[in-house]
$ cat structure28.txt   # compact mmCIF, C-alpha atoms and all ligand atoms
# COMPACT_ATOMS: atom_id res chain seq x y z
CA MET W 22 0.00 0.00 0.00
CA PRO W 23 1.28 3.51 -0.77
CA PHE W 24 2.02 5.90 2.12
CA ARG W 25 -1.04 8.06 2.61
CA PRO W 26 -0.52 10.51 5.49
CA ARG W 27 -3.63 11.16 7.60
CA TYR W 28 -2.98 14.91 7.76
CA THR W 29 -0.52 16.83 5.61
CA GLY W 30 -0.39 20.21 7.27
CA LEU W 31 -2.07 23.56 7.11
CA ILE W 32 -0.81 24.71 3.71
CA GLU W 33 -2.39 21.69 2.05
CA ARG W 34 -5.60 22.20 4.04
CA TYR W 35 -5.93 25.92 3.27
CA ARG W 36 -4.12 25.95 -0.07
CA ASP W 37 -6.65 28.28 -1.75
CA ARG W 38 -6.24 30.89 1.00
CA LEU W 39 -2.43 30.88 1.05
CA PRO W 40 0.17 32.25 -1.39
CA VAL W 41 1.23 28.96 -2.97
CA SER W 42 0.82 27.52 -6.45
CA ASP W 43 0.18 23.96 -7.60
CA ASP W 44 3.92 23.57 -8.20
CA THR W 45 5.08 24.83 -4.81
CA LYS W 46 7.02 22.19 -2.91
CA LEU W 47 5.59 22.24 0.60
CA ILE W 48 7.90 22.08 3.62
CA SER W 49 5.65 20.64 6.30
CA LEU W 50 5.77 18.67 9.54
CA GLY W 51 2.01 18.18 9.80
CA GLU W 52 1.44 21.43 11.72
CA GLY W 53 -1.93 22.94 12.63
CA ASN W 54 -5.17 21.07 13.31
CA THR W 55 -4.59 21.55 17.05
CA PRO W 56 -7.24 20.76 19.69
CA LEU W 57 -9.78 23.36 20.75
CA LEU W 58 -10.66 22.33 24.30
CA LYS W 59 -13.60 23.63 26.31
CA LEU W 60 -12.59 24.28 29.92
CA ASN W 61 -14.80 22.12 32.15
CA ASN W 62 -13.52 22.96 35.60
CA ILE W 63 -11.94 26.42 35.62
CA PRO W 64 -15.19 28.40 35.12
CA LYS W 65 -16.55 26.60 38.21
CA VAL W 66 -13.37 27.34 40.16
CA LEU W 67 -13.73 31.00 39.16
CA GLY W 68 -17.47 30.98 39.90
CA LYS W 69 -18.16 32.47 36.47
CA ASP W 70 -20.84 31.56 33.96
CA VAL W 71 -18.72 31.67 30.81
CA GLU W 72 -17.65 29.39 27.99
CA ILE W 73 -13.87 29.36 27.77
CA TYR W 74 -12.17 27.44 24.97
CA VAL W 75 -8.42 27.04 24.72
CA LYS W 76 -6.63 26.51 21.43
CA TYR W 77 -3.79 24.20 22.41
CA GLU W 78 -1.06 25.36 20.05
CA GLY W 79 1.55 23.59 22.14
CA LEU W 80 0.56 20.44 20.23
CA ASN W 81 2.16 21.66 17.01
CA PRO W 82 5.22 19.65 15.85
CA THR W 83 7.84 21.78 17.63
CA GLY W 84 5.50 22.62 20.51
CA SER W 85 4.35 26.12 19.61
CA PHE W 86 2.18 28.15 17.23
CA LYS W 87 5.33 29.28 15.42
CA ASP W 88 5.10 26.18 13.22
CA ARG W 89 2.07 27.65 11.44
CA GLY W 90 4.09 30.59 10.22
CA MET W 91 7.31 28.69 9.74
CA THR W 92 5.87 26.11 7.31
CA MET W 93 4.84 29.04 5.07
CA ALA W 94 8.04 31.08 5.53
CA VAL W 95 10.36 28.14 4.82
CA THR W 96 8.23 26.85 1.96
CA LYS W 97 8.47 30.27 0.27
CA ALA W 98 12.18 30.70 1.11
CA VAL W 99 12.95 27.39 -0.58
CA GLU W 100 10.70 28.25 -3.52
CA GLU W 101 12.61 31.50 -3.96
CA GLY W 102 15.93 29.63 -3.93
CA SER W 103 17.15 30.57 -0.46
CA LYS W 104 19.74 28.26 1.10
CA ALA W 105 19.72 29.76 4.60
CA ILE W 106 17.28 31.34 7.03
CA ILE W 107 17.89 33.53 10.06
CA CYS W 108 15.88 34.80 13.01
CA ALA W 109 16.20 36.43 16.39
CA SER W 110 14.15 34.65 18.99
CA THR W 111 13.06 34.33 22.57
CA GLY W 112 13.12 30.59 21.84
CA ASN W 113 10.09 29.26 20.02
CA THR W 114 10.77 30.88 16.67
CA SER W 115 14.33 29.54 16.78
CA ALA W 116 13.06 26.02 17.54
CA ALA W 117 10.62 26.15 14.63
CA ALA W 118 13.16 27.71 12.25
CA ALA W 119 15.72 25.05 13.14
CA ALA W 120 13.26 22.19 12.61
CA TYR W 121 11.79 23.42 9.31
CA ALA W 122 15.26 24.23 7.96
CA ALA W 123 16.31 20.67 8.79
CA ARG W 124 13.20 19.37 7.02
CA ALA W 125 14.02 21.50 3.97
CA GLY W 126 17.72 20.67 3.98
CA ILE W 127 18.82 24.30 4.33
CA LYS W 128 20.81 26.17 7.01
CA ALA W 129 19.36 28.00 9.99
CA PHE W 130 21.05 30.72 12.03
CA VAL W 131 19.31 31.72 15.24
CA LEU W 132 20.15 34.60 17.58
CA ILE W 133 18.98 34.13 21.16
CA PRO W 134 19.42 36.16 24.34
CA GLU W 135 22.04 34.38 26.45
CA GLY W 136 20.56 32.79 29.59
CA LYS W 137 17.04 34.00 28.86
CA ILE W 138 15.52 31.19 26.84
CA ALA W 139 13.76 28.15 28.24
CA LEU W 140 15.75 24.92 28.31
CA GLY W 141 13.58 22.93 25.90
CA LYS W 142 13.82 25.62 23.23
CA LEU W 143 17.60 25.74 23.48
CA ALA W 144 17.68 21.94 23.15
CA GLN W 145 15.55 22.11 20.01
CA GLY W 146 17.71 24.69 18.24
CA MET W 147 20.86 22.73 18.99
CA MET W 148 19.39 19.30 18.22
CA HIS W 149 18.04 20.33 14.81
CA GLY W 150 21.49 21.49 13.80
CA ALA W 151 20.98 25.24 13.67
CA THR W 152 23.90 27.55 14.29
CA VAL W 153 22.86 28.97 17.65
CA ILE W 154 24.34 32.41 18.28
CA GLN W 155 23.83 33.55 21.86
CA ILE W 156 24.08 37.30 22.23
CA LYS W 157 24.89 39.21 25.38
CA GLY W 158 21.73 41.22 24.91
CA ASN W 159 17.96 40.82 24.69
CA PHE W 160 15.56 39.85 21.90
CA ASP W 161 15.13 43.42 20.67
CA GLU W 162 18.87 43.86 20.18
CA GLY W 163 19.01 40.48 18.43
CA MET W 164 16.20 41.50 16.09
CA GLN W 165 18.05 44.67 15.08
CA LEU W 166 21.23 42.66 14.43
CA VAL W 167 19.30 40.19 12.26
CA LYS W 168 17.86 43.02 10.14
CA ASP W 169 21.33 44.56 9.77
CA VAL W 170 23.16 41.34 8.95
CA ALA W 171 20.55 40.21 6.40
CA GLU W 172 21.67 43.14 4.23
CA HIS W 173 25.20 41.74 4.18
CA ALA W 174 24.65 37.97 3.95
CA PRO W 175 22.54 35.63 1.76
CA VAL W 176 19.98 34.75 4.40
CA THR W 177 16.16 34.99 4.52
CA ILE W 178 14.68 36.50 7.68
CA VAL W 179 11.94 34.27 9.11
CA ASN W 180 10.83 36.46 12.00
CA SER W 181 7.22 37.62 11.77
CA ILE W 182 8.31 40.66 9.73
CA ASN W 183 8.42 38.03 6.95
CA PRO W 184 4.86 38.39 5.59
CA TYR W 185 4.47 34.66 4.93
CA ARG W 186 4.66 34.02 8.68
CA LEU W 187 1.40 35.86 9.37
CA GLN W 188 -0.24 34.16 6.37
CA GLY W 189 0.45 30.77 7.92
CA GLN W 190 -0.58 31.87 11.40
CA LYS W 191 -3.96 33.24 10.28
CA THR W 192 -5.10 29.63 9.78
CA ALA W 193 -5.56 29.24 13.55
CA ALA W 194 -8.61 31.54 13.29
CA PHE W 195 -9.99 29.43 10.41
CA GLU W 196 -9.75 26.28 12.51
CA ILE W 197 -11.47 27.91 15.49
CA VAL W 198 -14.38 29.14 13.36
CA GLU W 199 -14.80 25.76 11.68
CA GLU W 200 -14.86 23.93 14.99
CA LEU W 201 -17.12 26.31 16.93
CA GLY W 202 -19.37 27.12 13.98
CA PHE W 203 -19.10 30.81 14.93
CA ALA W 204 -16.51 33.37 16.02
CA PRO W 205 -16.09 33.84 19.78
CA ASP W 206 -17.08 37.10 21.49
CA PHE W 207 -13.54 37.59 22.76
CA HIS W 208 -10.22 36.17 21.59
CA CYS W 209 -7.41 36.45 24.14
CA LEU W 210 -3.73 36.19 23.17
CA PRO W 211 -0.35 36.79 24.78
CA VAL W 212 1.42 39.63 23.00
CA GLY W 213 5.16 39.88 22.38
CA ASN W 214 5.93 41.11 18.88
CA ALA W 215 2.16 41.18 18.25
CA GLY W 216 2.45 39.09 15.09
CA ASN W 217 0.05 36.43 16.27
CA ILE W 218 -2.76 38.78 17.29
CA THR W 219 -2.39 40.46 13.89
CA ALA W 220 -2.49 37.11 12.09
CA HIS W 221 -5.59 35.94 13.96
CA TRP W 222 -7.39 39.16 13.04
CA MET W 223 -6.44 38.61 9.39
CA GLY W 224 -7.95 35.12 9.56
CA TYR W 225 -11.20 36.21 11.20
CA SER W 226 -11.49 39.15 8.79
CA GLU W 227 -11.01 36.93 5.75
CA TYR W 228 -13.86 34.67 6.87
CA PHE W 229 -15.98 37.71 7.75
CA ASP W 230 -15.43 39.30 4.33
CA ASP W 231 -16.38 36.01 2.66
CA GLY W 232 -19.60 35.78 4.68
CA ILE W 233 -18.50 32.64 6.55
CA ILE W 234 -19.03 34.40 9.92
CA ASP W 235 -21.31 37.35 10.60
CA ALA W 236 -19.27 38.87 13.42
CA ARG W 237 -15.64 39.03 14.47
CA PRO W 238 -14.32 38.75 18.04
CA LYS W 239 -12.98 41.58 20.14
CA MET W 240 -9.25 40.94 20.19
CA LEU W 241 -7.67 41.17 23.64
CA GLY W 242 -3.87 41.31 23.82
CA PHE W 243 -2.17 40.60 27.14
CA GLN W 244 1.38 41.50 28.07
CA ALA W 245 3.55 40.70 31.08
CA ALA W 246 3.63 43.80 33.30
CA GLY W 247 7.44 44.10 33.08
CA SER W 248 7.36 43.84 29.26
CA ALA W 249 4.30 45.85 28.32
CA PRO W 250 5.06 48.47 25.66
CA PHE W 251 1.42 48.44 24.48
CA MET W 252 0.34 49.50 27.98
CA ARG W 253 3.07 52.12 28.33
CA GLY W 254 2.31 53.53 24.88
CA HIS W 255 5.98 53.40 23.90
CA MET W 256 8.86 50.95 23.44
CA VAL W 257 10.40 49.47 26.61
CA ASP W 258 14.19 49.13 26.69
CA ASN W 259 14.75 46.61 29.49
CA PRO W 260 11.81 44.19 29.43
CA GLU W 261 11.64 41.64 32.23
CA THR W 262 9.26 38.75 32.95
CA VAL W 263 9.30 35.11 34.01
CA ALA W 264 7.50 34.47 30.72
CA THR W 265 10.71 34.66 28.68
CA ALA W 266 8.87 34.00 25.38
CA ILE W 267 7.29 37.46 25.61
CA ARG W 268 10.27 39.30 27.11
CA ILE W 269 10.04 41.79 24.24
CA GLY W 270 10.12 45.58 24.54
CA HIS W 271 10.16 46.64 20.88
CA PRO W 272 7.27 44.80 19.17
CA GLN W 273 7.79 44.35 15.45
CA SER W 274 4.06 44.54 14.61
CA TRP W 275 3.43 47.72 16.67
CA ASP W 276 1.29 49.63 14.14
CA LYS W 277 -0.56 46.54 12.94
CA ALA W 278 -1.55 45.57 16.49
CA TRP W 279 -2.92 49.03 17.31
CA LYS W 280 -5.03 48.73 14.19
CA VAL W 281 -6.33 45.33 15.30
CA LYS W 282 -7.30 46.82 18.65
CA GLU W 283 -9.20 49.67 16.93
CA GLU W 284 -10.92 47.57 14.26
CA SER W 285 -11.97 44.80 16.65
CA GLU W 286 -12.96 47.18 19.46
CA GLY W 287 -10.66 45.19 21.70
CA TRP W 288 -7.96 46.30 24.11
CA PHE W 289 -4.57 45.55 25.67
CA ASP W 290 -3.96 44.79 29.32
CA GLU W 291 -1.14 43.54 31.50
CA CYS W 292 -0.71 40.64 33.92
CA SER W 293 1.78 40.29 36.75
CA ASP W 294 4.22 37.38 36.69
CA GLU W 295 2.34 35.94 39.69
CA GLN W 296 -0.96 36.00 37.78
CA ILE W 297 0.68 34.36 34.75
CA LEU W 298 2.13 31.52 36.81
CA ALA W 299 -1.16 31.07 38.72
CA ALA W 300 -3.05 30.70 35.44
CA GLN W 301 -0.46 28.21 34.15
CA LYS W 302 -0.95 26.14 37.30
CA LEU W 303 -4.73 26.42 37.15
CA LEU W 304 -4.74 24.90 33.66
CA ALA W 305 -2.32 22.15 34.64
CA GLU W 306 -4.04 21.18 37.90
CA HIS W 307 -7.71 21.62 36.98
CA GLU W 308 -7.81 20.78 33.28
CA GLY W 309 -4.76 18.60 32.60
CA ILE W 310 -3.44 21.16 30.12
CA PHE W 311 0.25 22.07 30.34
CA CYS W 312 1.28 25.28 28.59
CA GLU W 313 4.34 27.45 29.02
CA PRO W 314 4.15 30.62 31.16
CA ALA W 315 3.81 33.08 28.25
CA SER W 316 0.85 31.09 26.93
CA ALA W 317 -0.98 31.26 30.24
CA THR W 318 -0.98 35.05 29.91
CA SER W 319 -4.05 34.70 27.68
CA LEU W 320 -6.04 32.98 30.43
CA ALA W 321 -4.58 35.18 33.20
CA GLY W 322 -5.75 38.19 31.21
CA ALA W 323 -9.21 36.73 30.60
CA ILE W 324 -9.60 36.08 34.34
CA ASN W 325 -8.62 39.69 35.13
CA GLU W 326 -11.14 41.05 32.61
CA LEU W 327 -13.89 38.75 33.97
CA ASN W 328 -13.16 39.88 37.52
CA ALA W 329 -13.20 43.51 36.40
CA GLY W 330 -16.52 42.99 34.61
CA LYS W 331 -14.97 44.02 31.29
CA ILE W 332 -15.78 40.58 29.86
CA PRO W 333 -19.46 40.02 30.78
CA GLU W 334 -20.71 36.68 32.07
CA GLY W 335 -22.35 34.60 29.36
CA SER W 336 -19.50 35.41 26.95
CA LYS W 337 -17.82 32.91 24.68
CA ILE W 338 -14.07 33.29 25.00
CA VAL W 339 -11.17 31.68 23.14
CA CYS W 340 -7.71 31.78 24.73
CA THR W 341 -4.72 30.77 22.61
CA LEU W 342 -2.22 28.63 24.49
CA THR W 343 0.76 29.41 22.30
CA GLY W 344 3.39 26.94 23.55
CA HIS W 345 3.76 23.64 25.41
CA GLY W 346 4.63 23.52 29.10
CA LEU W 347 7.49 21.10 28.46
CA LYS W 348 9.37 23.93 26.77
CA ASP W 349 10.23 25.36 30.17
CA PRO W 350 10.65 22.57 32.74
CA ASP W 351 12.74 24.77 35.06
CA THR W 352 9.97 27.28 35.70
CA ALA W 353 7.42 24.49 36.08
CA ILE W 354 9.41 22.58 38.68
CA LYS W 355 10.32 25.78 40.54
CA GLN W 356 6.71 26.79 41.04
CA SER W 357 5.18 23.35 41.60
CA THR W 358 3.81 22.68 45.07
CA SER W 359 2.83 19.07 44.38
CA PRO W 360 4.37 16.62 46.84
CA LEU W 361 7.63 15.09 45.66
CA VAL W 362 8.17 12.37 48.24
CA THR W 363 11.35 10.31 48.53
CA VAL W 364 11.06 7.14 50.59
CA ASP W 365 12.78 3.80 51.11
CA ALA W 366 11.88 1.11 48.58
CA THR W 367 9.68 -0.75 51.05
CA LEU W 368 5.97 -1.52 51.16
CA ASP W 369 5.54 0.29 54.50
CA ALA W 370 7.18 3.47 53.28
CA VAL W 371 5.20 3.63 50.04
CA ARG W 372 1.93 2.84 51.86
CA ASP W 373 2.62 5.61 54.38
CA ALA W 374 3.39 8.05 51.57
CA ILE W 375 -0.03 7.28 50.06
CA LEU W 376 -1.93 7.47 53.34
CA ASN W 377 -0.23 10.76 54.27
CA ASN W 378 -1.26 12.39 51.00
CA ILE W 379 -4.62 10.83 50.20
CA ALA W 380 -6.66 13.36 52.15
CA ASP W 381 -5.86 16.30 49.83
C1 LIG W 401 4.83 30.90 23.66
O1 LIG W 401 10.06 32.93 19.64
O2 LIG W 401 8.81 36.11 19.64
O3 LIG W 401 3.02 38.43 19.83
O4 LIG W 401 11.08 34.77 19.19
O5 LIG W 401 6.83 32.05 22.05
O6 LIG W 401 3.33 36.96 17.85
O7 LIG W 401 5.30 37.72 19.20
C2 LIG W 401 7.85 34.23 20.68
C3 LIG W 401 6.62 34.74 20.93
C4 LIG W 401 3.45 34.17 22.72
C5 LIG W 401 4.14 36.10 21.41
N1 LIG W 401 3.61 32.96 23.25
O8 LIG W 401 3.70 36.06 20.09
C6 LIG W 401 10.08 34.16 19.57
C7 LIG W 401 8.88 34.93 19.94
C8 LIG W 401 4.73 32.25 23.04
C9 LIG W 401 5.74 32.79 22.24
C10 LIG W 401 4.42 34.75 21.95
C11 LIG W 401 5.59 34.08 21.71
P1 LIG W 401 3.82 37.37 19.17
$ encode --input "structure28.txt" --output "structure tokens"
Amino acid sequence: MPFRPRYTGLIERYRDRLPVSDDTKLISLGEGNTPLLKLNNIPKVLGKDVEIYVKYEGLNPTGSFKDRGMTMAVTKAVEEGSKAIICASTGNTSAAAAAYAARAGIKAFVLIPEGKIALGKLAQGMMHGATVIQIKGNFDEGMQLVKDVAEHAPVTIVNSINPYRLQGQKTAAFEIVEELGFAPDFHCLPVGNAGNITAHWMGYSEYFDDGIIDARPKMLGFQAAGSAPFMRGHMVDNPETVATAIRIGHPQSWDKAWKVKEESEGWFDECSDEQILAAQKLLAEHEGIFCEPASATSLAGAINELNAGKIPEGSKIVCTLTGHGLKDPDTAIKQSTSPLVTVDATLDAVRDAILNNIAD
């Protein structure tokens, strides 16, 4: 029997809505088609009458939503004859770039802020054979260096300033609409460079313009309080947050994101690191869903807006969980309060460990 893959990726699925031709060779790892899960327990824990759905983008091939954009960016880079790609990254973009470059048989160069990327993401970049360049600086400085160096070397930039990235990422909105049968009232996203919120709005708008949905969601963008240029109204030079994925002070899609806010009648807000970690834990402990800290910013933000009455009860909310929790095991273990019990390898000791903990 011939090999017939069950699912061949988002470009194949949405071919007529993406900039590819019949002859384009697709570089794919079977990305997209991620679960949309309705939260069963958290609304009860919060005491709120709301429908919250999470789009679990951590189940993409490299563990984040970046794969949606990267399959498009690398497909087009290869089509245009490029032999090398480059990006600056807080971690997930570099992991996706490294993997898709390996798949395509081209080179990847990734610039990351030294000491400020989660362990799993570093492992991915190195394992997929990218040249990992750690800089003694942050993402924003890395991004500027990438733009400068791309003028002097034969490399294609695959950060979200590459327009094909947002084209790929808009497909997340298509999937949500097809699964729900409507657009949610509110769509909550973590915001770093603001590429993803822009891409989602493009997707919803395309379906709206084609009459597939009759309303679009209010787009809510949430930032970590220490890295919140959209809240400050200007760029931030020394961003800090436990959510290293969104430790970004100079968002690349600044103008586009303000436009999304205006057009969708949405807004930006900020979450403290404590709120972000609490939301991450809430998802893990009450729903069995493990996302990385940055991703939990979408739920942390939704909870804040519900508590403030800015999202009314009865609303239908989608939160994008952008990356998998396994990306950042260090932060997870550091904040876990679950019992880790070490005992002798005897029946008595193990029985006691169970009896001591069974009451919780
Ligand atoms: C898990 O990898 O910018 O607002 O270099 O990894 O589209 O930037 C990561 C961003 C949210 C923010 N959640 O998305 C990078 C990078 C996770 C992320 C974001 C990122 P944008």
$ residues_around --input "structure28.txt" --residues "Asn325 of chain W" --least-positions-apart "3" --cutoff "10 Å" --atoms "all atoms listed in the file" --output "PyMOL selection string"
chain W and resi 290-292+296+320-322+328-332
$ residues_near_point --input "structure28.txt" --point "(-7.4, 24.2, 6.3)" --cutoff "12 Å" --atoms "only C-alpha atoms" --output "JSON, numbers by chain"
{"W": [28, 29, 30, 31, 32, 33, 34, 35, 36, 37, 38, 39, 51, 52, 53, 54, 55, 89, 189, 190, 191, 192, 193, 194, 195, 196, 197, 198, 199, 200, 224]}
$ closest_residue --input "structure28.txt" --among "W:Ala94, W:Ala278, W:Ala174, W:Met22" --to "ligand LIG 401 (chain W)" --atoms "only C-alpha atoms and all ligand atoms"
W:Ala278
$ closest_residue --input "structure28.txt" --among "W:Met240, W:Ala116, W:Ile310, W:Ala215" --to "ligand LIG 401 (chain W)" --atoms "all atoms listed in the file"
W:Ala215
$ axis_aligned_box --input "structure28.txt" --around "segment 269-278 of chain W" --padding-each-side "8 Å" --output "AutoDock Vina command-line options"
--center_x 4.3 --center_y 45.7 --center_z 18.7 --size_x 27.7 --size_y 23.8 --size_z 27.6
$ closest_atom_pairs --input "structure28.txt" --of "chain W" --to "ligand LIG 401 (chain W)" --cutoff "6 Å" --atoms "all atoms listed in the file" --output "tab-separated table"
residue	atom	partner	partner_atom	distance
W:Ser110	CA	W:LIG401	O4	3.1
W:Thr111	CA	W:LIG401	O4	3.9
W:Gly112	CA	W:LIG401	O1	4.4
W:Asn113	CA	W:LIG401	O1	3.7
W:Thr114	CA	W:LIG401	O1	3.7
W:Pro211	CA	W:LIG401	C4	5.1
W:Val212	CA	W:LIG401	O3	3.7
W:Gly213	CA	W:LIG401	O3	3.6
W:Asn214	CA	W:LIG401	O7	3.5
W:Ala215	CA	W:LIG401	O3	3.3
W:Gly216	CA	W:LIG401	O6	3.6
W:Asn217	CA	W:LIG401	O6	3.7
W:Ala266	CA	W:LIG401	O5	4.4
W:Ile267	CA	W:LIG401	C10	5.4
W:Ala315	CA	W:LIG401	N1	5.0
W:Ser316	CA	W:LIG401	N1	5.0
W:Thr343	CA	W:LIG401	C1	4.5
W:Gly344	CA	W:LIG401	C1	4.2
$ write_last_selection --input "structure28.txt" --atoms "C-alpha atoms" --output "compact mmCIF listing (two decimals), keeping the file's coordinate frame"
# COMPACT_ATOMS: atom_id res chain seq x y z
CA SER W 110 14.15 34.65 18.99
CA THR W 111 13.06 34.33 22.57
CA GLY W 112 13.12 30.59 21.84
CA ASN W 113 10.09 29.26 20.02
CA THR W 114 10.77 30.88 16.67
CA PRO W 211 -0.35 36.79 24.78
CA VAL W 212 1.42 39.63 23.00
CA GLY W 213 5.16 39.88 22.38
CA ASN W 214 5.93 41.11 18.88
CA ALA W 215 2.16 41.18 18.25
CA GLY W 216 2.45 39.09 15.09
CA ASN W 217 0.05 36.43 16.27
CA ALA W 266 8.87 34.00 25.38
CA ILE W 267 7.29 37.46 25.61
CA ALA W 315 3.81 33.08 28.25
CA SER W 316 0.85 31.09 26.93
CA THR W 343 0.76 29.41 22.30
CA GLY W 344 3.39 26.94 23.55
$ residues_around --input "structure28.txt" --residues "segment 65-76 of chain W" --least-positions-apart "6" --cutoff "7 Å" --atoms "only C-alpha atoms" --output "count of residues only"
14
$ atom_distance --input "structure28.txt" --atom1 "atom CA of Ala246 of chain W" --atom2 "atom CA of Ala118 of chain W"
28.2 Å
$ atom_distance --input "structure28.txt" --atom1 "atom CA of Pro175 of chain W" --atom2 "atom CA of Gly136 of chain W"
28.0 Å
$ atom_distance --input "structure28.txt" --atom1 "atom CA of Leu187 of chain W" --atom2 "atom CA of Ile218 of chain W"
9.4 Å
$ closest_residue --input "structure28.txt" --among "W:Ala370, W:Ala171, W:Ala204, W:Leu50" --to "Met91 of chain W" --atoms "only C-alpha atoms"
W:Leu50
$ residues_near_point --input "structure28.txt" --point "(20.1, 19.1, 16.2)" --cutoff "12 Å" --atoms "all atoms listed in the file" --output "PyMOL selection string"
chain W and resi 115-124+128-129+142-153
$ write_last_selection --input "structure28.txt" --atoms "C-alpha atoms" --output "PDB file, in the coordinates of the input"
ATOM      1  CA  SER W 115      14.330  29.540  16.780  1.00  0.00           C
ATOM      2  CA  ALA W 116      13.060  26.020  17.540  1.00  0.00           C
ATOM      3  CA  ALA W 117      10.620  26.150  14.630  1.00  0.00           C
ATOM      4  CA  ALA W 118      13.160  27.710  12.250  1.00  0.00           C
ATOM      5  CA  ALA W 119      15.720  25.050  13.140  1.00  0.00           C
ATOM      6  CA  ALA W 120      13.260  22.190  12.610  1.00  0.00           C
ATOM      7  CA  TYR W 121      11.790  23.420   9.310  1.00  0.00           C
ATOM      8  CA  ALA W 122      15.260  24.230   7.960  1.00  0.00           C
ATOM      9  CA  ALA W 123      16.310  20.670   8.790  1.00  0.00           C
ATOM     10  CA  ARG W 124      13.200  19.370   7.020  1.00  0.00           C
ATOM     11  CA  LYS W 128      20.810  26.170   7.010  1.00  0.00           C
ATOM     12  CA  ALA W 129      19.360  28.000   9.990  1.00  0.00           C
ATOM     13  CA  LYS W 142      13.820  25.620  23.230  1.00  0.00           C
ATOM     14  CA  LEU W 143      17.600  25.740  23.480  1.00  0.00           C
ATOM     15  CA  ALA W 144      17.680  21.940  23.150  1.00  0.00           C
ATOM     16  CA  GLN W 145      15.550  22.110  20.010  1.00  0.00           C
ATOM     17  CA  GLY W 146      17.710  24.690  18.240  1.00  0.00           C
ATOM     18  CA  MET W 147      20.860  22.730  18.990  1.00  0.00           C
ATOM     19  CA  MET W 148      19.390  19.300  18.220  1.00  0.00           C
ATOM     20  CA  HIS W 149      18.040  20.330  14.810  1.00  0.00           C
ATOM     21  CA  GLY W 150      21.490  21.490  13.800  1.00  0.00           C
ATOM     22  CA  ALA W 151      20.980  25.240  13.670  1.00  0.00           C
ATOM     23  CA  THR W 152      23.900  27.550  14.290  1.00  0.00           C
ATOM     24  CA  VAL W 153      22.860  28.970  17.650  1.00  0.00           C
TER      25      VAL W 153
END
$ closest_residue --input "structure28.txt" --among "W:Val170, W:Val95, W:His345, W:Leu201" --to "Pro184 of chain W" --atoms "only C-alpha atoms"
W:Val95
$ residues_around --input "structure28.txt" --residues "Asp349 of chain W" --least-positions-apart "3" --cutoff "10 Å" --atoms "all atoms listed in the file" --output "PyMOL selection string"
chain W and resi 138-143+264-266+312-314+344-346+352-354
$ closest_residue --input "structure28.txt" --among "W:Gln273, W:Ser85, W:His255, W:Gln244" --to "Ile297 of chain W" --atoms "all atoms listed in the file"
W:Gln244
